[in-house]
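Notes for the one structure printed next.
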Amino acid sequence: MGSFRSSLALFILMAIIGAGDAGNDTYDGRSLVIDDQHKILFSSSIHYLRRKAKSRGIDVIDTYVFWNIHEPQQGKVSHSLPIDIVRFIKVRQAHGLYLCLRIGPFIQGEWSYVSKILWLHNVPGIIFRTDNEPFKYHMKRYAEMIVKLMKSENLYA
C-alpha cells in the first residue's frame, strides 16, 4: 500500500503544473512539499470552457483536455478561442492556482457521448479501452502534442 501511495503522490506531483517555479516541488513520503512547505492542496474540477474558482479556498484546478474538441478531425488540431487552453492555464497561473491537466483520452461525468473522438471509430483495427495498438498510437500522438504545447508555452512543471 505504501508503494501505491508513493506512486500516486509522485504521479499527482508530476501532473500538477505549478503556479510558479517547479524547482522546489517534491514528495517526501508523507505529503507534497512545495517551496519547502508541506502542503495540503484542495482541488476543484472545472472545465476550461467555463469560469469559476479561487474565492472558495481552492488551490488546484483539475481539468480535462477535450480531445474531441481540440482534434475534431484526424490531424486537424485547434487551440484557438473559444477553446484556448493555453490562455486558461495562464489566467489560472496569474491567480496563483495549480493545475492538474487531465489529457484523457475520455471524459466521464456530464460530458456524454461527445467525449468520444468520433474519427477514431474509422481507424482500422481500433478497439477502445483495451490494450490496442491503433488506439495507443493515436493516444500517444495526442498526449505528446499536448505536452509539447505546454512545454512550448513554459507551462509544464
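By order of appearance in the C-alpha cells: chains A, B, ..., then residues from 1 within every chain, and ligands from 1 in the order shown.
For A:Ile34, the residues within 7 Å (counting only C-alpha atoms, excluding itself and residues fewer than 4 positions away along the chain) are A:Asn24, A:Asp25, A:Thr26, A:His38, A:Lys39.
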Strand (DSSP E or B) positions in stretch 55-128 of chain A, given as a list of chain:residue names: A:Val60, A:Ile61, A:Asp62, A:Thr63, A:Tyr64, A:Gln73, A:Lys76, A:Tyr98, A:Leu99, A:Cys100, A:Leu101, A:Arg102
Test item: residues at most 10 Å from A:Pro105, only C-alpha atoms, excluding those fewer than 5 positions along its chain, as number ranges by chain: A: 64-68, 115-117, 129, 135, 138-140, 142-143
Please save N, CA and C atoms of the selected residues as a short mmCIF file (atom, residue, chain, number, x, y, z; two decimals), in the first residue's frame.
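Now in again38.cif:
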```cif
data_model
loop_
_atom_site.label_atom_id
_atom_site.label_comp_id
_atom_site.auth_asym_id
_atom_site.auth_seq_id
_atom_site.Cartn_x
_atom_site.Cartn_y
_atom_site.Cartn_z
N TYR A 64 -9.98 18.56 -17.77
CA TYR A 64 -9.71 17.69 -18.91
C TYR A 64 -9.22 18.52 -20.09
N VAL A 65 -8.46 17.90 -20.97
CA VAL A 65 -8.17 18.45 -22.29
C VAL A 65 -9.08 17.69 -23.24
N PHE A 66 -10.00 18.38 -23.85
CA PHE A 66 -11.04 17.76 -24.66
C PHE A 66 -10.49 17.35 -26.03
N TRP A 67 -10.09 16.10 -26.15
CA TRP A 67 -9.51 15.60 -27.40
C TRP A 67 -10.49 15.80 -28.55
N ASN A 68 -11.75 15.49 -28.31
CA ASN A 68 -12.74 15.60 -29.38
C ASN A 68 -12.96 17.03 -29.85
N SER A 115 -17.73 13.07 -25.60
CA SER A 115 -16.34 12.85 -25.19
C SER A 115 -15.64 11.80 -26.05
N LYS A 116 -16.38 11.08 -26.84
CA LYS A 116 -15.76 10.10 -27.73
C LYS A 116 -15.20 10.82 -28.95
N ILE A 117 -14.04 10.42 -29.37
CA ILE A 117 -13.40 11.02 -30.52
C ILE A 117 -13.93 10.28 -31.74
N ARG A 129 -10.61 1.20 -25.10
CA ARG A 129 -10.41 0.79 -23.71
C ARG A 129 -9.84 -0.62 -23.57
N PHE A 135 -5.19 2.24 -31.11
CA PHE A 135 -5.64 3.23 -30.14
C PHE A 135 -4.46 3.85 -29.41
N HIS A 138 -2.60 6.49 -31.53
CA HIS A 138 -3.26 7.79 -31.63
C HIS A 138 -3.29 8.52 -30.29
N MET A 139 -3.47 7.78 -29.20
CA MET A 139 -3.46 8.40 -27.88
C MET A 139 -2.08 8.97 -27.56
N LYS A 140 -1.03 8.22 -27.88
CA LYS A 140 0.33 8.70 -27.63
C LYS A 140 0.61 9.96 -28.44
N TYR A 142 -1.54 12.17 -29.52
CA TYR A 142 -2.30 13.28 -28.95
C TYR A 142 -1.66 13.77 -27.65
N ALA A 143 -1.30 12.86 -26.76
CA ALA A 143 -0.69 13.24 -25.48
C ALA A 143 0.62 13.99 -25.72
#
```
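In this structure, atom CA of A:Gly29 sits 23.2 Å away from atom CA of A:Ile61.
Among the candidates A:Ala94, A:Ile103, A:Val86, A:Ile126, the one nearest to A:Lys151 when counting only C-alpha atoms is A:Val86.
Note that atom CA of A:Asp59 and atom CA of A:Asp28 are 19.7 Å apart.
Comparing the minimum interatomic distances between A:Phe42 and each of A:Asp84, A:Tyr156, A:Cys100, A:Ser78, counting only C-alpha atoms, we find that A:Cys100 sits nearest.
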